[in-house]
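Take a look at the structure set out below.
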Amino acid sequence: MSATTERSITVTINGTTYEREVEARKLLIHFVRDDLDLTGSHIGCDTGNCGACSLIVDGTLVKSCMMLAVQADGATIESVEGLADGDELNKLQQAFREHHALQCGYCTPGMLMSATALLRSNPHPSDDEIKKALQGNICRCTGYWNIFEAVKAASE
Amino acid sequence: MTSSTTITPEQTEQAQETWSGQNVPRKEDRRLVQGQGVFVDDVKRHGMGYLHFVRSPYAHAHITSIDVSAAEEHPAVYGTLTGEEVAALTDPFFQLASVPGANVKDYALAVGKVRYVGEPIVAVVAETREAARDASELVEVEYEPLDAITDARHAQDDGVPTIHEDAGGNLMWHGTYEWGDLDAAFAEADKVVKIDELHFHRFNSTPLECDGALVEYNRGMGQWTITTNNQFPGFAIIMMGPAMKVGLDKLRFVTQDIGGGFGNKITSHPQLVACCLLARKLNRPVQWTEWRTDFHLSMSHGNERWFHETEVAVKDDGTLLGFRTKALDDAGAYLRYEPLGGVIWAQVTPGMYKWKNIRVDFTQVATNKAPVSPNRGYSRMQHLWFTERMIDIVAHELDLDPVEVRKRNYIRVEDMPYTTPNGCVYDSGDYAKMLDIALDLVDYPSLEARRADAKSRGKLLGLGIGSTLDSGTNNFGQSRMINPELQFSGNNEVATVKLDIFGEIVVTLGTTPQGQGHETTAAQVVADILKCSVDDVFVRAGHDSYWNSHAGFSGTYASQFAVTGLSAVKGATEMLRDEIFKLAGAVFGGVPAEALELADGGVRIKESPEAFLPFMACGAIINANNAGLPEDLGVTLNCRYVYRPPFEVPDVEKKYGNLTLTYATQIHAAVIEVDPETGSYEIVDYAAVDDCGKRINPQIVEGQVMGATAQALGAATHEQFVYDEDGNLLTPNFYDYHVPHALDMPPLQTGSVESPSPFTPLGTKGMGEGGGAGIHAVCSAVQDALRNHGGALVYDSCNPYHRVWEMLNDPSTGARVEVTG
């Protein structure tokens, strides 16, 4: 019941390396949010459906509620906090703003990470490819239409 | 790729260079796209404990014992709270209902009995989220299970268990509404269309961020700071203060960013009280973040409603004379905001139609399901769906064109402002034009050709229409219709605008936005009045009751910001402008206000513009360099304005009066193709046409239209809170409760008409709750597709594929209808 096996892990997030003791059962998203205070990535479900916690771990898009922090030991991670260059929004962030692709902004960090992963592997996706790439991210505010527009614009 | 096309609205004013009316990019976005928003779960305090609720596994049971000792002994646990302690420390929440609902006793935690699966029984606070969850499993609760009632239609049958003994049965509220002359209408009718039963299903908007709070107790001041995503602090505070036996100023509400609300975050007050009691008991900050499953089990389901024994009086040509029905509302286990749903629907009594004779017998009952609370389109959506259902069923039965029946009966543009049979005043709108635009966008003239083409591919094509009257800015006097003892009426909202020492323009709002872009639209209104840039206007994010920029009805709910919030902003900014003139007049040596004007971030004399005082100088003079100013100047450059819409108290006896100030309008049209082999269907064309009066930021308006549409399509096709007969929720998370994903979205075209409201300072109307139109548009399209394939009449607001397949194979599974006369 109170299994509190702790492990020491090292991760590099957005270029900064963190070394922490972490409970073996702690989810990566809780580690990132609660232990490292990187609260840009969010939690919207208990079941891996919503994608609000999406991170890029060693180049692969991951729902970080579906992964334990200890599994990320040694990994290089990218989160929403690393997208902008200082105060300069990147092209995708700018496109989200211009196309009103966010309302409450809660799903946005995860949506941006999914779109980032898409555009890296496929710089000029078709409409269907954009939809497929975002199908793991739930947005309850926008109906997705403006998000599709933003990703499309960022790919051009 | 989204086929999002906006038809240019009518230009009702001459083009002018204003910030209002422009697609100004949102101020909020810069932080949100960088993950720099501050949502409730992002806030941390030293030494805080994490709260987890132990929840009922039974829908209905006596609690015979609770033992928290093992949990308390867990090394990471800070403490617990039980219903017994809650009952000793607090009074039951004030009930809005008259008797019998008034007798319901509702506390922060279950006391003696549980009434739905997921009801909080014990709260456990521990050092970590994980430990709090672990320790919750150490709490031992013994139950004596009781039979559950989950079908509202049987809640008042003989022999069914009583959920609230204090209320003497499961009836919570009943009232009869009748306007016009029903007997005369039915005598005049050529036909009477009788609909046995219609059902509006239970779902909600499932904001992606669940409820939460971080509560701190200041022992020396006896005061709590509640950082939360509750979207209606004005309501929460009047529920919590009396229950906790403290003054309202002891409950400081703070929010910044909220991850969606849609009405579903109005009734978290029981959980907030549990947090407050624990913060005091444990002398440490208490953090509560609801898990997704907790949210589905216990928070704010939308009102499930039946319509029984409906009769529609109609002439042979389709002229609608009146209707009568018995509405039955399922409130769930507690009346958290209910029975307000029993009157809110009356804001839109006739829908968009001219029928004058209407009788609604309204009953609300309790069941062993999660409590209902407002959900985007609250209570009006159910009723508007019902009115549109009647239209399509009448058209079908009388073999009339549903488009023609609508146009024949729509309230016309020349009838505006239109007084409804129950005294509401529809401010403006052109429904027939909106329908034409919607039909045009889905290429209505080619419908029959496309139907034939679909048929050649083995598909059944259907066109459907739905509408929403998004009534906004409530007259809270309507609450007296469900309880004449209530002392609420009218509405209000607050804004403050000040000029700080270095000339910064700072705006505070009373609202709690959840993505509606209030910082941006408020800045647009301010910039137009002060003749400056929106970039010069700083609008504080979120809400803090210590800002003193709120009033009794402050919050973000019920389609009102564009009226109440922005009118308060306008009022406060005009006060500030006048004070700037007064100050500058004195500084310039007695120049009257009429001779002054604002320009370029300052004030100047019109005739000699070189006499210029920048805002920075104004702020500095008043705040830091004021020696020698006239004693009676009366200028603070810190202006607070309370906007109060012009309302009267409704006639409670006749249930007559103006219940809302504005009526934004939506008409949606859907074209679907059904596969008759499986009942699955695809939306192949979709149009949403909106009219919300003057649009301050059209892009934000369109975003609301899109979002409401998406929620409607989810609700119409998949989203349901389904219970088994034992009261177990079968859709407690996003695995089982399917919300729309990117691949589910059909092509969308949007259009707009702009009919400014004559009743509001800016010509605006509150908007954002237009989704109900989409729910009916899908129902209507399904019915049209099935017209020549069994002719089933759509009975339910949710039509997943299996239900369509059932209707195709057995049309009697649809609505049962009889026509007499």
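By order of appearance in the structure tokens: chains A, B, ..., then residues from 1 within every chain, and ligands from 1 in the order shown.
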Which residues of chain A have any atom within 6 Å of an atom in chain B when counting only C-alpha atoms, and what is the closest pair of atoms for each, with the distance in Å to one decimal? Order the rows by chain and rising number and write it as JSON lines.
```
{"residue": "A:Thr39", "atom": "CA", "partner": "B:Asp42", "partner_atom": "CA", "distance": 5.7}
{"residue": "A:Gly40", "atom": "CA", "partner": "B:Gly35", "partner_atom": "CA", "distance": 3.8}
{"residue": "A:Gly44", "atom": "CA", "partner": "B:Leu208", "partner_atom": "CA", "distance": 5.0}
{"residue": "A:Cys45", "atom": "CA", "partner": "B:Arg292", "partner_atom": "CA", "distance": 4.8}
{"residue": "A:Asp46", "atom": "CA", "partner": "B:Arg292", "partner_atom": "CA", "distance": 5.7}
{"residue": "A:Val80", "atom": "CA", "partner": "B:Gly35", "partner_atom": "CA", "distance": 5.8}
{"residue": "A:Glu81", "atom": "CA", "partner": "B:Gln34", "partner_atom": "CA", "distance": 5.6}
{"residue": "A:Gln93", "atom": "CA", "partner": "B:Val33", "partner_atom": "CA", "distance": 5.9}
{"residue": "A:Arg97", "atom": "CA", "partner": "B:Asp29", "partner_atom": "CA", "distance": 6.0}
{"residue": "A:Gln103", "atom": "CA", "partner": "B:Gly515", "partner_atom": "CA", "distance": 4.2}
{"residue": "A:Cys104", "atom": "CA", "partner": "B:Gly515", "partner_atom": "CA", "distance": 3.6}
{"residue": "A:Gly105", "atom": "CA", "partner": "B:Leu32", "partner_atom": "CA", "distance": 5.5}
{"residue": "A:Tyr106", "atom": "CA", "partner": "B:Gly259", "partner_atom": "CA", "distance": 5.0}
{"residue": "A:Lys131", "atom": "CA", "partner": "B:Ala742", "partner_atom": "CA", "distance": 5.3}
{"residue": "A:Gln135", "atom": "CA", "partner": "B:Ala742", "partner_atom": "CA", "distance": 4.9}
{"residue": "A:Cys141", "atom": "CA", "partner": "B:Gly707", "partner_atom": "CA", "distance": 4.9}
{"residue": "A:Thr142", "atom": "CA", "partner": "B:Gly707", "partner_atom": "CA", "distance": 4.3}
{"residue": "A:Gly143", "atom": "CA", "partner": "B:Ala710", "partner_atom": "CA", "distance": 4.8}
{"residue": "A:Trp145", "atom": "CA", "partner": "B:Thr2", "partner_atom": "CA", "distance": 5.8}
```
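Within 10 Å of segment 630-633 of chain B there are Glu579, Lys582, Leu583, Ala586, Val587, Asn626, Ala627, Gly628, Val635 and Thr636 of chain B, counting only C-alpha atoms and ignoring same-chain residues fewer than 2 positions away.
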With N, CA and C atoms retained, write the just-selected residues as an mmCIF file, in the first residue's frame.
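Result file follows (again.cif):
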```cif
data_model
loop_
_atom_site.group_PDB
_atom_site.id
_atom_site.type_symbol
_atom_site.label_atom_id
_atom_site.label_comp_id
_atom_site.auth_asym_id
_atom_site.auth_seq_id
_atom_site.Cartn_x
_atom_site.Cartn_y
_atom_site.Cartn_z
ATOM 1 N N GLU B 579 -13.184 62.152 -15.782
ATOM 2 C CA GLU B 579 -12.279 62.646 -14.726
ATOM 3 C C GLU B 579 -10.995 63.230 -15.328
ATOM 4 N N LYS B 582 -11.798 66.591 -16.385
ATOM 5 C CA LYS B 582 -11.936 67.486 -15.249
ATOM 6 C C LYS B 582 -10.552 67.914 -14.737
ATOM 7 N N LEU B 583 -9.674 66.930 -14.629
ATOM 8 C CA LEU B 583 -8.320 67.210 -14.150
ATOM 9 C C LEU B 583 -7.590 68.136 -15.123
ATOM 10 N N ALA B 586 -8.689 71.677 -15.049
ATOM 11 C CA ALA B 586 -8.139 72.434 -13.925
ATOM 12 C C ALA B 586 -6.671 72.797 -14.186
ATOM 13 N N VAL B 587 -5.920 71.817 -14.696
ATOM 14 C CA VAL B 587 -4.493 72.060 -14.948
ATOM 15 C C VAL B 587 -4.309 73.156 -16.001
ATOM 16 N N ASN B 626 0.038 66.341 -6.166
ATOM 17 C CA ASN B 626 -1.304 66.921 -6.198
ATOM 18 C C ASN B 626 -1.453 68.197 -5.373
ATOM 19 N N ALA B 627 -0.381 68.717 -4.836
ATOM 20 C CA ALA B 627 -0.495 69.960 -4.066
ATOM 21 C C ALA B 627 -1.012 71.069 -4.967
ATOM 22 N N GLY B 628 -1.929 71.840 -4.436
ATOM 23 C CA GLY B 628 -2.436 72.971 -5.191
ATOM 24 C C GLY B 628 -3.643 72.680 -6.051
ATOM 25 N N VAL B 635 -11.637 64.089 -8.314
ATOM 26 C CA VAL B 635 -11.017 63.201 -9.307
ATOM 27 C C VAL B 635 -10.098 62.210 -8.586
ATOM 28 N N THR B 636 -10.265 60.929 -8.874
ATOM 29 C CA THR B 636 -9.359 59.914 -8.311
ATOM 30 C C THR B 636 -8.614 59.174 -9.413
#
```
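Close contacts of Gly247 of chain B, defined as residues with an atom at most 10 Å away when counting only C-alpha atoms, with chain neighbours fewer than 4 positions off set aside, comprise Gln223, Ile237, Ile238, Met240, Gly241, Pro242 and Leu251 of chain B.
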Output C-alpha atoms for every residue in the selection just made, as a compact mmCIF listing (two decimals), in the first residue's frame.
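Result written to part.txt:
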```txt
# COMPACT_ATOMS: atom_id res chain seq x y z
CA GLN B 223 -10.24 34.17 6.63
CA ILE B 237 -19.92 32.52 -1.84
CA ILE B 238 -23.59 32.91 -0.96
CA MET B 240 -20.70 28.77 1.40
CA GLY B 241 -20.83 31.76 3.77
CA PRO B 242 -24.09 30.90 5.53
CA LEU B 251 -14.05 33.87 1.71
```
Shortest interatomic distance to Glu98 of chain A - which of A:Ala150, A:Ile43, A:Val11, A:Ala75, counting only C-alpha atoms
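When distances to Glu98 of chain A are compared using only C-alpha atoms, the smallest one comes from A:Ala150.
When the distance limit is 7 Å and only C-alpha atoms are what count, the residues near Ile13 of chain A, minus those fewer than 5 positions from it on the same chain, are Thr76, Ile77 and Glu78 of chain A.
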Those residues you just picked out, can you put them in a file as an mmCIF file, in the first residue's frame with N, CA and C atoms?
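Below you can see again_3.cif, which holds the result:
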```cif
data_model
loop_
_atom_site.group_PDB
_atom_site.id
_atom_site.type_symbol
_atom_site.label_atom_id
_atom_site.label_comp_id
_atom_site.auth_asym_id
_atom_site.auth_seq_id
_atom_site.Cartn_x
_atom_site.Cartn_y
_atom_site.Cartn_z
ATOM 1 N N THR A 76 16.070 12.831 -22.990
ATOM 2 C CA THR A 76 16.036 14.249 -23.369
ATOM 3 C C THR A 76 14.586 14.566 -23.722
ATOM 4 N N ILE A 77 14.041 15.542 -23.020
ATOM 5 C CA ILE A 77 12.599 15.818 -23.126
ATOM 6 C C ILE A 77 12.392 17.248 -23.602
ATOM 7 N N GLU A 78 11.351 17.400 -24.441
ATOM 8 C CA GLU A 78 10.947 18.741 -24.859
ATOM 9 C C GLU A 78 9.514 18.990 -24.401
#
```
Enumerate, as number ranges by chain, the complete set of residues in segment 11-114 of chain A that a backbone-based DSSP assignment places in strand (DSSP E). A: 11-13, 16-23, 54-57, 60-63, 76-78
If you run DSSP on this backbone, which residues of chain A come out as helix (DSSP H, G or I), and could you give them as a ChimeraX atom specification? /A:28-35,69-72,80-82,91-98,108-121,127-134,145-154
What's around Tyr18 of chain A at 12 Å? Count only C-alpha atoms, leave out sequence neighbours fewer than 5 positions away in its own chain, and write the answer as a list of chain:residue names.
A:Ser8, A:Ile9, A:Thr10, A:Val11, A:Thr12, A:Ile13, A:Phe31, A:Val32, A:Asp35, A:Leu36, A:Asp37, A:Leu38, A:Ala72, A:Asp73, A:Gly74, A:Ala75, A:Thr76, A:Ile77
**Prompt:** Any idea what's packed within 7 Å of Val124 of chain B, counting only C-alpha atoms, ignoring anything in its chain fewer than 5 positions away? Could you give it as a PyMOL selection string?
**Reply:** chain B and resi 51-53+79-81+132+136
| Test item: residues at most 9 Å from Cys532 of chain B, only C-alpha atoms, excluding those fewer than 2 positions along its chain, as a ChimeraX atom specification | /B:526-530,534-537,598-602
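Among A:Ser155, A:Asn122, A:Thr16, A:Ser79, the residue with the shortest atom-to-atom distance to Ser41 of chain A, counting only C-alpha atoms, is A:Ser79.
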